[in-house]
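Input: a single structure, listed below in structure tokens.
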Amino acid sequence: MAAISQGIEATTALFLANSNKFLFSSCGSSLSEKKRNFFVVKSDGKSYSGLNQQQRRAQKVVTNAIATKKDKAPSSTASKPGHELLLFEALREGLEEEMDRDPCVCVMGEDVGHYGGSYKVTKGLAEKYGDLRVLDTPIAENSFTGMGIGAAMSGLRPIVEGMNMGFLLLAFNQISNNCGMLHYTSGGQFKIPIVIRGPGGVGRQLGAEHSQRLESYFQSIPGIQMVACSTAYNAKGLMKAAIRSENPVILFEHVLLYNLKERIPDEEYVLNLEEAEMVRPGEHVTILTYSRMRYHVMQAAKTLVNKGYDPEVIDIRSLKPFDLYTIGNSVKKTHRVLIVEECMRTGGIGASLTAAITENFHDYLDAPIVCLSSQDVPTPYSGTLEEWTVVQPAQIVAAVEQLCQLLR
Amino acid sequence: MALSTHRTTTTLLRYLTPTISSLRHVSTDCSSSTITVETSVPFTGHNIDPPSRSVDTTPQELMSFFRDMALMRRKEIAADSLYKAKLIRGFCHLYDGQEAVAVGMEAAINRKDCIITAYRDHCIFLGRGGTLLESFAELMGRKDGCSKGKGGSMHFYKKEGGFYGGHGIVGAQIPLGCGLAFAQKYKNDENVTFTLYGDGAANQGQLFEALNMSALWDLPAILVCENNHYGMGTAEWRAAKNPAYYKRGDYVPGLKVDGMDALAVKQACRFAKEHALKNGPIILEMDTYRYHGHSMSDPGSTYRTRDEISGVRQERDPIERVRKLLLSHDIASEKELKDIEKELRKEVDEAIAKAKECPLPEPSELFTNIYVKGSGAESFGADRKEVRAVLP
């Protein structure tokens with residue numbers, strides 16, 4: 001009890017201190033004041049202030065696209081080496097920066113406060129911001145997700161953490177009916193600037209119920225956006241973009257990627273939520289992937305390069321809506337598509353992406369789209385079986401070889 | 001089945017005798033304009049001392065009660081005819097009989113306090129400042145409706161009035177209501193949230209999860225169970241082991257209120273608001289009744305007798321109670337009240353005529369309001385080259 005009231009005092013103190021900067025009734029609209037302080041980095045390295053959507057459409061395909069390496073970072077950060085951290089720390093940094101910037105941002109979830117988060121993403125935040133802003137909830141996914149949505153309706157910007165994406169199935173009604181649809185059914189009166197995030201995917205022998213790949217279940221909900229992060233750099237950028245977005249965003253993290261170390265820029269950056277990332281430009285085949293499979297693809301790419309192939313690897317990042325612009329440009333260049341994903345085969349992200357590409361770029365395809373997804377099975381516990389559930393680099397190499405056999 | 005009828009009839013007609021006696025306890029002070037009225041029955045509390053039975057009111061307030069309730073009643077009956085004329089489609093859940101809850105609640109709070117309810121939301125929308133035109137236009141799916149025709153009967157919202165809907169899934173609005181209360185606590189703005197749900201929803205797990213969280217964090221949430229004794233077609237005693245919904249909060253205090261008495265509702269809501277701001281959540285159980293069936297597709301007479309319905313209508317009707325008060329205190333004459341009703345009828349008819357003229361939404365509206373503009377999410381065709389809809 002005392003802790004929560006302390007939280008309120010802390011929050012009130014923050015409001016009073018910033019009362020001339022933040023108008024509480026317009027919690028999210030301090031954006032315009034803050035535009036000068038951040039820049040949006042596109043995946044091709046161009047940066048511009050504020051959110052200017054028109055510029056995106058005018059971009060042509062860039063053959064030497066930028067990978068997320070320090071030496072190819074945008075010019076304004078060339079002088080600064082950045083700092084090295086792990087992916088979960090990058091998420092925390094993004095979260096902390098947003099919580100500093102806007103007092104309406106709050107976190108709620110199981111064990112996020114005093115425990116610091118089951119994957120340490122919110123470690124230290126409860127001490128800094130108080131118990132009300134980093135709220136430890138009881139184990140009641142349905143109602144605390146609903147609570148987050150209700151709070152979002154009236155002006156807060158909550159981040160709901162599911163300890164595992166599989167647990168969000170319990171909150172599916174709230175996510176689908178209330179989160180996704182309220183903006184529409186209220187005729188635009190209410191916006192739901194909520195972020196629902198959590199780890200998912202197949203881990204190391206965690207068992208079937210804790211290794212679910214649920215992107216497919218959420219993808220048909222109208223009104224939400226889905227993004228999947230895969231590196232520390234895009235994790236921080238996407239987290240910040242998701243928090244600043246006025247729409248509900250589901251941010252899919254992966255259990256096995258939390259300890260990836262990477263060097264990220266020191267200054268503030270926000271990535272574009274709807275954009276795909278060009279990981280490795282190439283000429284022969286377009287490989288579309290996201291989340292952990294990116295690393296399996298890159299591993300396979302090494303083998304492929306040795307064998308003489310030149311794959312173009314795109315991390316689609318935005319699962320809903322698809323960045324068909326970047327993807328389309330790539331398809332027009334290479335004429336072959338391989339989708340590698342960890343999602344379920346039936347009705348998964350790959351299946352929708354296949355349909356979208358076929359519908360729009362059919363004329364540019366020289367071969368049918370090959371989609372490698374994980375098997376339609378509950379993830380087994382045994383190590384070898386679990387390995388066979390997800391796509392392995394050897395399978396990727398074989399698929400590319402088969403796709404490109406016309407070239408040989 | 002005889003057993004069921006007997007039990008429900010006695011429960012509902014329990015309030016008969018006190019109604020008559022309440023008129024005798026009235027004291028009118030002619031010099032000031034305050035009238036003190038006793039509620040039909042005393043409040044019953046669970047883990048709390050109930051407020052007093054005597055409610056202060058003024059002639060203006062009673063007149064406004066009468067006016068608002070008569071308007072709501074007329075509106076619901078008009079919606080009934082529109083539904084039968086197939087101008088309203090889908091589901092239409094009518095609130096007539098329960099008007100006292102909406103009107104009494106409004107009298108005790110301000111527009112900064114939030115109300116969130118389930119699908120029986122037409123009258124609460126009106127109470128929160130919604131206009132007749134907006135509601136009829138929305139029911140008929142026109143562009144000028146409160147949700148631009150995209151919501152329908154179950155999705156009325158009014159942001160400026162602090163009305164958060166309008167929700168179709170039973171019980172899903174309860175956690176949302178706690179979220180609203182959480183935001184109020186976070187912002188420290190001394191307002192409360194009234195989360196309304198029905199006796200059917202009282203058996204949802206979400207309610208207990210939300211109660212636990214509200215009590216844990218002392219959220220200013222008031223959970224109001226509008227107990228009209230029937231969860232769709234199932235009587236409350238057939239669905240709930242313990243139909244004393246105000247006691248179900250266990251550690252959360254509760255109050256049982258006669259929901260057909262607008263003054264009792266007002267007293268209870270005022271009391272609850274004070275309590276919630278200091279001590280956290282409280283449950284209010286409003287003992288009320290709906291004359292129509294659960295929705296327009298339900299005749300309402302297969303699970304209850306017509307005698308029961310007409311019995312309640314005769315003895316406990318909220319509008320009649322206020323009418324008797326007005327007449328006995330000489331605030332208005334019989335003729336004046338009838339004139340008001342006629343005027344309201346005309347108002348409703350005019351609103352319907354105007355709503356019928358309203359245009360249907362444009363096809364491009366299909367893609368608007370899915371995402372909020374400014375985040376870069378526009379409704380493109382899949383290849384991003386052809387813009388299917390540009391957000392307003």
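Labels for the structure tokens follow display order: chains A, B, ..., residues from 1 in each chain, ligands from 1.
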I need the contact residues of chain B against chain A, so if you could list those with any atom within 6 Å, counting only C-alpha atoms, and return them as a PyMOL selection string, that would help. chain B and resi 147-148+150-151+157+175-176+178-180+183+206+210+369-372+375+383
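Taking range 152-295 of chain A and asking which residues DSSP calls alpha helix (DSSP H) on the backbone, you get A:Ala152, A:Met153, A:Phe172, A:Asn173, A:Leu182, A:His183, A:Tyr184, A:Thr185, A:Glu215, A:Ser216, A:Tyr217, A:Phe218, A:Ala232, A:Tyr233, A:Asn234, A:Ala235, A:Lys236, A:Gly237, A:Leu238, A:Met239, A:Lys240, A:Ala241, A:Ala242, A:Ile243, A:Arg244, A:Met293, A:Arg294, A:Tyr295.
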Can you pull out the residues contacting Arg306 in chain B? Cut-off 12 Å, using only C-alpha atoms, and skip same-chain residues under 3 positions away; I want them as a ChimeraX atom specification. /B:5,9,291-293,299-303,309-313
So that I have them on file, write out the residues from the current selection with C-alpha atoms, as an mmCIF file, in the first residue's frame.
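Produced file part.cif, reproduced below:
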```cif
data_model
loop_
_atom_site.group_PDB
_atom_site.id
_atom_site.type_symbol
_atom_site.label_atom_id
_atom_site.label_comp_id
_atom_site.auth_asym_id
_atom_site.auth_seq_id
_atom_site.Cartn_x
_atom_site.Cartn_y
_atom_site.Cartn_z
ATOM 1 C CA THR B 5 -42.696 -18.230 -11.126
ATOM 2 C CA THR B 9 -42.757 -13.073 -8.302
ATOM 3 C CA TYR B 291 -39.954 -4.866 -19.561
ATOM 4 C CA HIS B 292 -38.730 -5.970 -22.959
ATOM 5 C CA GLY B 293 -37.029 -9.234 -23.555
ATOM 6 C CA PRO B 299 -40.227 -11.988 -26.761
ATOM 7 C CA GLY B 300 -39.426 -11.935 -23.086
ATOM 8 C CA SER B 301 -42.373 -14.052 -22.100
ATOM 9 C CA THR B 302 -41.097 -17.584 -22.469
ATOM 10 C CA TYR B 303 -39.161 -17.494 -19.227
ATOM 11 C CA ILE B 309 -44.110 -8.046 -16.095
ATOM 12 C CA SER B 310 -47.342 -6.130 -15.694
ATOM 13 C CA GLY B 311 -47.123 -6.504 -11.926
ATOM 14 C CA VAL B 312 -43.758 -4.800 -11.840
ATOM 15 C CA ARG B 313 -44.950 -2.191 -14.282
#
```
Gap from CA of Leu256 in chain A to CA of Met163 in chain A - Å, one decimal: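 Interatomic distance, CA of Leu256 in chain A to CA of Met163 in chain A: 14.1 Å.
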For CA of Thr36 in chain B and CA of Ile109 in chain B, the interatomic separation in Å (one decimal):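 Between these atoms lies a distance of 19.5 Å.
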One decimal, Å: what's the distance from CA of Val297 in chain A over to CA of Pro81 in chain A, could you say?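 So the two atoms, CA of Val297 in chain A and CA of Pro81 in chain A, lie 27.5 Å apart.
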Please provide the set of residues having any atom within 8 Å of Ser230 in chain A, restricted to only C-alpha atoms, with same-chain residues fewer than 5 positions apart removed, written as a list in words. Ala235, Glu253, His254, Leu257, Tyr290, Ser291, Arg292, Arg294 and Arg317 of chain A
Those residues you just picked out, can you put them in a file as a compact mmCIF listing (two decimals), in the first residue's frame with N, CA and C atoms?
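Result written to again_25.txt:
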```txt
# COMPACT_ATOMS: atom_id res chain seq x y z
N ALA A 235 15.33 -3.75 -31.82
CA ALA A 235 14.48 -3.90 -30.64
C ALA A 235 14.22 -2.56 -29.97
N GLU A 253 8.81 -10.53 -29.24
CA GLU A 253 10.23 -10.77 -29.00
C GLU A 253 10.45 -12.28 -29.03
N HIS A 254 11.69 -12.69 -28.92
CA HIS A 254 11.95 -14.13 -28.97
C HIS A 254 12.78 -14.54 -27.77
N LEU A 257 16.60 -14.73 -28.16
CA LEU A 257 17.37 -13.61 -28.68
C LEU A 257 17.70 -12.58 -27.62
N TYR A 290 11.97 -13.27 -40.30
CA TYR A 290 11.83 -12.34 -39.18
C TYR A 290 12.21 -13.08 -37.90
N SER A 291 12.51 -12.31 -36.91
CA SER A 291 12.83 -12.81 -35.58
C SER A 291 13.99 -13.82 -35.61
N ARG A 292 13.89 -14.89 -34.90
CA ARG A 292 15.06 -15.76 -34.74
C ARG A 292 15.51 -16.39 -36.05
N ARG A 294 16.01 -15.17 -38.72
CA ARG A 294 16.98 -14.33 -39.41
C ARG A 294 18.38 -14.88 -39.23
N ARG A 317 10.34 -7.65 -40.33
CA ARG A 317 10.06 -6.86 -39.11
C ARG A 317 8.59 -6.53 -38.90
```
Would you mind listing what lies within 8 Å of range 281-288 of chain B as an mmCIF file with all heavy atoms, in the first residue's frame, with only C-alpha atoms counted and same-chain residues fewer than 3 positions away left out?
```cif
data_model
loop_
_atom_site.group_PDB
_atom_site.id
_atom_site.type_symbol
_atom_site.label_atom_id
_atom_site.label_comp_id
_atom_site.auth_asym_id
_atom_site.auth_seq_id
_atom_site.Cartn_x
_atom_site.Cartn_y
_atom_site.Cartn_z
ATOM 1 N N GLY B 97 -37.658 0.326 -18.363
ATOM 2 C CA GLY B 97 -37.836 -0.263 -17.041
ATOM 3 C C GLY B 97 -36.628 0.040 -16.170
ATOM 4 O O GLY B 97 -36.748 0.164 -14.963
ATOM 5 N N GLN B 98 -35.473 0.162 -16.786
ATOM 6 C CA GLN B 98 -34.258 0.377 -16.005
ATOM 7 C C GLN B 98 -33.807 1.828 -15.996
ATOM 8 O O GLN B 98 -32.702 2.122 -15.548
ATOM 9 C CB GLN B 98 -33.117 -0.493 -16.560
ATOM 10 C CG GLN B 98 -33.407 -1.970 -16.494
ATOM 11 C CD GLN B 98 -32.243 -2.821 -16.993
ATOM 12 O OE1 GLN B 98 -32.445 -3.886 -17.546
ATOM 13 N NE2 GLN B 98 -31.027 -2.371 -16.810
ATOM 14 N N VAL B 101 -31.845 3.791 -13.127
ATOM 15 C CA VAL B 101 -30.414 3.611 -12.863
ATOM 16 C C VAL B 101 -29.613 4.681 -13.604
ATOM 17 O O VAL B 101 -28.740 5.348 -13.041
ATOM 18 C CB VAL B 101 -29.964 2.198 -13.301
ATOM 19 C CG1 VAL B 101 -28.480 2.035 -13.122
ATOM 20 C CG2 VAL B 101 -30.693 1.146 -12.503
ATOM 21 N N LEU B 211 -11.994 -7.222 -9.710
ATOM 22 C CA LEU B 211 -12.245 -6.826 -8.322
ATOM 23 C C LEU B 211 -10.983 -6.966 -7.499
ATOM 24 O O LEU B 211 -10.651 -6.084 -6.699
ATOM 25 C CB LEU B 211 -13.311 -7.738 -7.714
ATOM 26 C CG LEU B 211 -14.737 -7.258 -7.732
ATOM 27 C CD1 LEU B 211 -15.626 -8.318 -7.113
ATOM 28 C CD2 LEU B 211 -14.882 -5.972 -6.979
ATOM 29 N N SER B 214 -8.654 -4.151 -8.433
ATOM 30 C CA SER B 214 -9.121 -2.838 -7.956
ATOM 31 C C SER B 214 -8.944 -2.700 -6.457
ATOM 32 O O SER B 214 -8.560 -1.642 -5.965
ATOM 33 C CB SER B 214 -10.604 -2.635 -8.254
ATOM 34 O OG SER B 214 -10.906 -2.979 -9.543
ATOM 35 N N ALA B 215 -9.229 -3.792 -5.752
ATOM 36 C CA ALA B 215 -9.105 -3.715 -4.293
ATOM 37 C C ALA B 215 -7.636 -3.656 -3.891
ATOM 38 O O ALA B 215 -7.264 -2.956 -2.953
ATOM 39 C CB ALA B 215 -9.796 -4.909 -3.658
ATOM 40 N N ASP B 218 -6.531 -0.110 -4.676
ATOM 41 C CA ASP B 218 -7.451 0.960 -4.240
ATOM 42 C C ASP B 218 -7.894 1.836 -5.403
ATOM 43 O O ASP B 218 -7.848 3.051 -5.334
ATOM 44 C CB ASP B 218 -6.778 1.866 -3.195
ATOM 45 C CG ASP B 218 -6.797 1.217 -1.837
ATOM 46 O OD1 ASP B 218 -7.686 0.371 -1.610
ATOM 47 O OD2 ASP B 218 -5.936 1.540 -1.007
ATOM 48 N N LEU B 219 -8.301 1.225 -6.481
ATOM 49 C CA LEU B 219 -8.723 2.012 -7.634
ATOM 50 C C LEU B 219 -10.114 2.585 -7.380
ATOM 51 O O LEU B 219 -10.943 1.947 -6.756
ATOM 52 C CB LEU B 219 -8.769 1.129 -8.889
ATOM 53 C CG LEU B 219 -7.476 0.426 -9.267
ATOM 54 C CD1 LEU B 219 -7.674 -0.337 -10.558
ATOM 55 C CD2 LEU B 219 -6.342 1.416 -9.418
ATOM 56 N N PRO B 220 -10.366 3.797 -7.864
ATOM 57 C CA PRO B 220 -11.690 4.407 -7.671
ATOM 58 C C PRO B 220 -12.725 3.820 -8.628
ATOM 59 O O PRO B 220 -13.308 4.535 -9.441
ATOM 60 C CB PRO B 220 -11.432 5.883 -7.956
ATOM 61 C CG PRO B 220 -10.304 5.892 -8.904
ATOM 62 C CD PRO B 220 -9.438 4.718 -8.556
ATOM 63 N N ALA B 221 -12.949 2.534 -8.497
ATOM 64 C CA ALA B 221 -13.874 1.869 -9.418
ATOM 65 C C ALA B 221 -15.127 1.491 -8.647
ATOM 66 O O ALA B 221 -15.048 0.932 -7.563
ATOM 67 C CB ALA B 221 -13.221 0.615 -10.000
ATOM 68 N N ILE B 222 -16.271 1.800 -9.225
ATOM 69 C CA ILE B 222 -17.536 1.404 -8.613
ATOM 70 C C ILE B 222 -18.165 0.413 -9.568
ATOM 71 O O ILE B 222 -18.483 0.752 -10.699
ATOM 72 C CB ILE B 222 -18.437 2.625 -8.415
ATOM 73 C CG1 ILE B 222 -17.750 3.578 -7.435
ATOM 74 C CG2 ILE B 222 -19.794 2.208 -7.893
ATOM 75 C CD1 ILE B 222 -18.251 4.966 -7.540
ATOM 76 N N LEU B 223 -18.323 -0.805 -9.108
ATOM 77 C CA LEU B 223 -18.887 -1.820 -9.990
ATOM 78 C C LEU B 223 -20.372 -1.925 -9.707
ATOM 79 O O LEU B 223 -20.777 -2.202 -8.589
ATOM 80 C CB LEU B 223 -18.179 -3.156 -9.756
ATOM 81 C CG LEU B 223 -16.773 -3.146 -10.337
ATOM 82 C CD1 LEU B 223 -15.740 -2.891 -9.271
ATOM 83 C CD2 LEU B 223 -16.477 -4.462 -11.003
ATOM 84 N N VAL B 224 -21.155 -1.674 -10.725
ATOM 85 C CA VAL B 224 -22.593 -1.610 -10.544
ATOM 86 C C VAL B 224 -23.215 -2.799 -11.253
ATOM 87 O O VAL B 224 -23.118 -2.923 -12.474
ATOM 88 C CB VAL B 224 -23.144 -0.303 -11.147
ATOM 89 C CG1 VAL B 224 -24.635 -0.230 -10.962
ATOM 90 C CG2 VAL B 224 -22.461 0.897 -10.519
ATOM 91 N N CYS B 225 -23.867 -3.658 -10.491
ATOM 92 C CA CYS B 225 -24.540 -4.800 -11.108
ATOM 93 C C CYS B 225 -25.991 -4.402 -11.334
ATOM 94 O O CYS B 225 -26.740 -4.203 -10.375
ATOM 95 C CB CYS B 225 -24.446 -6.011 -10.190
ATOM 96 S SG CYS B 225 -25.297 -7.442 -10.834
ATOM 97 N N GLU B 226 -26.371 -4.265 -12.604
ATOM 98 C CA GLU B 226 -27.764 -3.957 -12.905
ATOM 99 C C GLU B 226 -28.501 -5.282 -12.929
ATOM 100 O O GLU B 226 -28.552 -5.957 -13.956
ATOM 101 C CB GLU B 226 -27.877 -3.280 -14.267
ATOM 102 C CG GLU B 226 -27.284 -1.880 -14.316
ATOM 103 C CD GLU B 226 -27.453 -1.272 -15.695
ATOM 104 O OE1 GLU B 226 -26.818 -1.751 -16.649
ATOM 105 O OE2 GLU B 226 -28.230 -0.325 -15.819
ATOM 106 N N ASN B 227 -29.040 -5.633 -11.786
ATOM 107 C CA ASN B 227 -29.640 -6.946 -11.661
ATOM 108 C C ASN B 227 -31.087 -6.901 -12.113
ATOM 109 O O ASN B 227 -31.966 -6.518 -11.348
ATOM 110 C CB ASN B 227 -29.542 -7.386 -10.189
ATOM 111 C CG ASN B 227 -30.076 -8.768 -9.983
ATOM 112 O OD1 ASN B 227 -30.412 -9.462 -10.934
ATOM 113 N ND2 ASN B 227 -30.158 -9.193 -8.741
ATOM 114 N N ASN B 228 -31.334 -7.271 -13.380
ATOM 115 C CA ASN B 228 -32.721 -7.330 -13.816
ATOM 116 C C ASN B 228 -33.256 -8.756 -13.750
ATOM 117 O O ASN B 228 -34.263 -9.086 -14.357
ATOM 118 C CB ASN B 228 -32.902 -6.725 -15.219
ATOM 119 C CG ASN B 228 -31.989 -7.352 -16.242
ATOM 120 O OD1 ASN B 228 -31.554 -8.489 -16.104
ATOM 121 N ND2 ASN B 228 -31.713 -6.609 -17.292
ATOM 122 N N HIS B 229 -32.551 -9.573 -13.012
ATOM 123 C CA HIS B 229 -32.989 -10.926 -12.633
ATOM 124 C C HIS B 229 -32.977 -11.952 -13.734
ATOM 125 O O HIS B 229 -33.299 -13.110 -13.482
ATOM 126 C CB HIS B 229 -34.373 -10.907 -11.967
ATOM 127 C CG HIS B 229 -34.424 -9.960 -10.809
ATOM 128 N ND1 HIS B 229 -33.864 -10.250 -9.599
ATOM 129 C CD2 HIS B 229 -34.911 -8.708 -10.710
ATOM 130 C CE1 HIS B 229 -34.025 -9.218 -8.785
ATOM 131 N NE2 HIS B 229 -34.654 -8.274 -9.430
ATOM 132 N N TYR B 245 -25.585 -10.432 -5.385
ATOM 133 C CA TYR B 245 -24.409 -9.970 -6.113
ATOM 134 C C TYR B 245 -23.628 -8.929 -5.351
ATOM 135 O O TYR B 245 -22.425 -8.788 -5.568
ATOM 136 C CB TYR B 245 -24.827 -9.445 -7.494
ATOM 137 C CG TYR B 245 -25.484 -10.512 -8.328
ATOM 138 C CD1 TYR B 245 -26.850 -10.466 -8.587
ATOM 139 C CD2 TYR B 245 -24.764 -11.581 -8.832
ATOM 140 C CE1 TYR B 245 -27.463 -11.451 -9.327
ATOM 141 C CE2 TYR B 245 -25.372 -12.572 -9.576
ATOM 142 C CZ TYR B 245 -26.721 -12.499 -9.814
ATOM 143 O OH TYR B 245 -27.332 -13.482 -10.542
ATOM 144 N N TYR B 246 -24.281 -8.209 -4.483
ATOM 145 C CA TYR B 246 -23.540 -7.185 -3.757
ATOM 146 C C TYR B 246 -22.633 -7.788 -2.697
ATOM 147 O O TYR B 246 -21.708 -7.140 -2.220
ATOM 148 C CB TYR B 246 -24.499 -6.178 -3.123
ATOM 149 C CG TYR B 246 -25.327 -6.711 -1.971
ATOM 150 C CD1 TYR B 246 -25.063 -6.318 -0.675
ATOM 151 C CD2 TYR B 246 -26.369 -7.607 -2.186
ATOM 152 C CE1 TYR B 246 -25.810 -6.791 0.394
ATOM 153 C CE2 TYR B 246 -27.120 -8.093 -1.133
ATOM 154 C CZ TYR B 246 -26.828 -7.687 0.152
ATOM 155 O OH TYR B 246 -27.571 -8.174 1.193
ATOM 156 N N GLY B 249 -18.493 -9.596 -3.653
ATOM 157 C CA GLY B 249 -17.163 -9.004 -3.653
ATOM 158 C C GLY B 249 -16.323 -9.473 -2.485
ATOM 159 O O GLY B 249 -15.128 -9.248 -2.463
ATOM 160 N N VAL B 252 -14.610 -6.729 -0.814
ATOM 161 C CA VAL B 252 -15.032 -5.421 -1.334
ATOM 162 C C VAL B 252 -16.428 -5.138 -0.791
ATOM 163 O O VAL B 252 -17.322 -5.974 -0.939
ATOM 164 C CB VAL B 252 -15.056 -5.436 -2.876
ATOM 165 C CG1 VAL B 252 -15.637 -4.156 -3.425
ATOM 166 C CG2 VAL B 252 -13.660 -5.649 -3.412
ATOM 167 N N PRO B 253 -16.656 -3.980 -0.163
ATOM 168 C CA PRO B 253 -17.985 -3.713 0.384
ATOM 169 C C PRO B 253 -19.036 -3.600 -0.710
ATOM 170 O O PRO B 253 -18.731 -3.274 -1.853
ATOM 171 C CB PRO B 253 -17.819 -2.375 1.104
ATOM 172 C CG PRO B 253 -16.598 -1.778 0.562
ATOM 173 C CD PRO B 253 -15.729 -2.886 0.089
ATOM 174 N N GLY B 254 -20.271 -3.868 -0.341
ATOM 175 C CA GLY B 254 -21.347 -3.828 -1.329
ATOM 176 C C GLY B 254 -22.587 -3.191 -0.763
ATOM 177 O O GLY B 254 -22.770 -3.106 0.438
ATOM 178 N N LEU B 255 -23.429 -2.742 -1.663
ATOM 179 C CA LEU B 255 -24.658 -2.069 -1.257
ATOM 180 C C LEU B 255 -25.760 -2.520 -2.191
ATOM 181 O O LEU B 255 -25.599 -2.526 -3.403
ATOM 182 C CB LEU B 255 -24.448 -0.563 -1.414
ATOM 183 C CG LEU B 255 -25.351 0.372 -0.649
ATOM 184 C CD1 LEU B 255 -25.177 0.159 0.831
ATOM 185 C CD2 LEU B 255 -25.004 1.801 -1.008
ATOM 186 N N LYS B 256 -26.896 -2.887 -1.606
ATOM 187 C CA LYS B 256 -28.017 -3.275 -2.459
ATOM 188 C C LYS B 256 -29.010 -2.128 -2.519
ATOM 189 O O LYS B 256 -29.402 -1.587 -1.484
ATOM 190 C CB LYS B 256 -28.688 -4.510 -1.890
ATOM 191 C CG LYS B 256 -29.702 -5.085 -2.844
ATOM 192 C CD LYS B 256 -30.134 -6.451 -2.406
ATOM 193 C CE LYS B 256 -31.390 -6.852 -3.142
ATOM 194 N NZ LYS B 256 -31.219 -8.028 -3.952
ATOM 195 N N VAL B 257 -29.425 -1.777 -3.720
ATOM 196 C CA VAL B 257 -30.215 -0.571 -3.939
ATOM 197 C C VAL B 257 -31.456 -0.938 -4.731
ATOM 198 O O VAL B 257 -31.387 -1.782 -5.617
ATOM 199 C CB VAL B 257 -29.389 0.443 -4.777
ATOM 200 C CG1 VAL B 257 -30.099 1.761 -4.919
ATOM 201 C CG2 VAL B 257 -28.011 0.625 -4.194
ATOM 202 N N ASP B 258 -32.556 -0.271 -4.484
ATOM 203 C CA ASP B 258 -33.732 -0.471 -5.315
ATOM 204 C C ASP B 258 -33.530 0.309 -6.597
ATOM 205 O O ASP B 258 -33.630 1.536 -6.641
ATOM 206 C CB ASP B 258 -34.978 0.036 -4.589
ATOM 207 C CG ASP B 258 -36.230 -0.101 -5.450
ATOM 208 O OD1 ASP B 258 -36.151 -0.742 -6.520
ATOM 209 O OD2 ASP B 258 -37.281 0.428 -5.065
ATOM 210 N N GLY B 259 -33.248 -0.411 -7.659
ATOM 211 C CA GLY B 259 -32.902 0.256 -8.900
ATOM 212 C C GLY B 259 -34.066 0.879 -9.632
ATOM 213 O O GLY B 259 -33.885 1.478 -10.685
ATOM 214 N N MET B 260 -35.273 0.753 -9.121
ATOM 215 C CA MET B 260 -36.416 1.378 -9.787
ATOM 216 C C MET B 260 -36.749 2.715 -9.131
ATOM 217 O O MET B 260 -37.699 3.374 -9.505
ATOM 218 C CB MET B 260 -37.649 0.471 -9.680
ATOM 219 C CG MET B 260 -37.431 -0.914 -10.214
ATOM 220 S SD MET B 260 -37.128 -0.932 -11.980
ATOM 221 C CE MET B 260 -38.695 -1.487 -12.587
ATOM 222 N N VAL B 265 -31.104 5.437 -6.196
ATOM 223 C CA VAL B 265 -29.916 5.263 -7.041
ATOM 224 C C VAL B 265 -28.987 6.452 -6.866
ATOM 225 O O VAL B 265 -27.773 6.313 -6.731
ATOM 226 C CB VAL B 265 -30.327 5.101 -8.516
ATOM 227 C CG1 VAL B 265 -29.111 5.125 -9.412
ATOM 228 C CG2 VAL B 265 -31.087 3.813 -8.717
ATOM 229 N N ALA B 268 -27.241 6.266 -3.517
ATOM 230 C CA ALA B 268 -26.231 5.209 -3.491
ATOM 231 C C ALA B 268 -25.011 5.607 -4.304
ATOM 232 O O ALA B 268 -23.875 5.379 -3.888
ATOM 233 C CB ALA B 268 -26.827 3.915 -4.039
ATOM 234 N N ALA B 272 -21.336 6.000 -3.010
ATOM 235 C CA ALA B 272 -20.283 5.153 -3.571
ATOM 236 C C ALA B 272 -19.128 5.984 -4.081
ATOM 237 O O ALA B 272 -17.967 5.602 -3.937
ATOM 238 C CB ALA B 272 -20.862 4.304 -4.704
ATOM 239 N N HIS B 275 -17.035 7.003 -1.231
ATOM 240 C CA HIS B 275 -16.308 5.844 -0.710
ATOM 241 C C HIS B 275 -15.150 5.471 -1.612
ATOM 242 O O HIS B 275 -14.039 5.199 -1.152
ATOM 243 C CB HIS B 275 -17.278 4.660 -0.581
ATOM 244 C CG HIS B 275 -16.641 3.442 -0.021
ATOM 245 N ND1 HIS B 275 -16.018 2.499 -0.808
ATOM 246 C CD2 HIS B 275 -16.515 2.996 1.249
ATOM 247 C CE1 HIS B 275 -15.536 1.541 -0.055
ATOM 248 N NE2 HIS B 275 -15.824 1.811 1.197
ATOM 249 N N ALA B 276 -15.397 5.465 -2.911
ATOM 250 C CA ALA B 276 -14.373 4.985 -3.838
ATOM 251 C C ALA B 276 -13.176 5.915 -3.859
ATOM 252 O O ALA B 276 -12.039 5.472 -4.007
ATOM 253 C CB ALA B 276 -14.962 4.844 -5.241
#
```
Please identify all polymer residues within 9 Å of range 362-378 of chain A, counting only C-alpha atoms, omitting same-chain residues fewer than 3 positions from it, and present them as a ChimeraX atom specification. /A:207-209,211-212,331-346,348,350-351,354,357-359,388-391,395-396,399-400,403-404
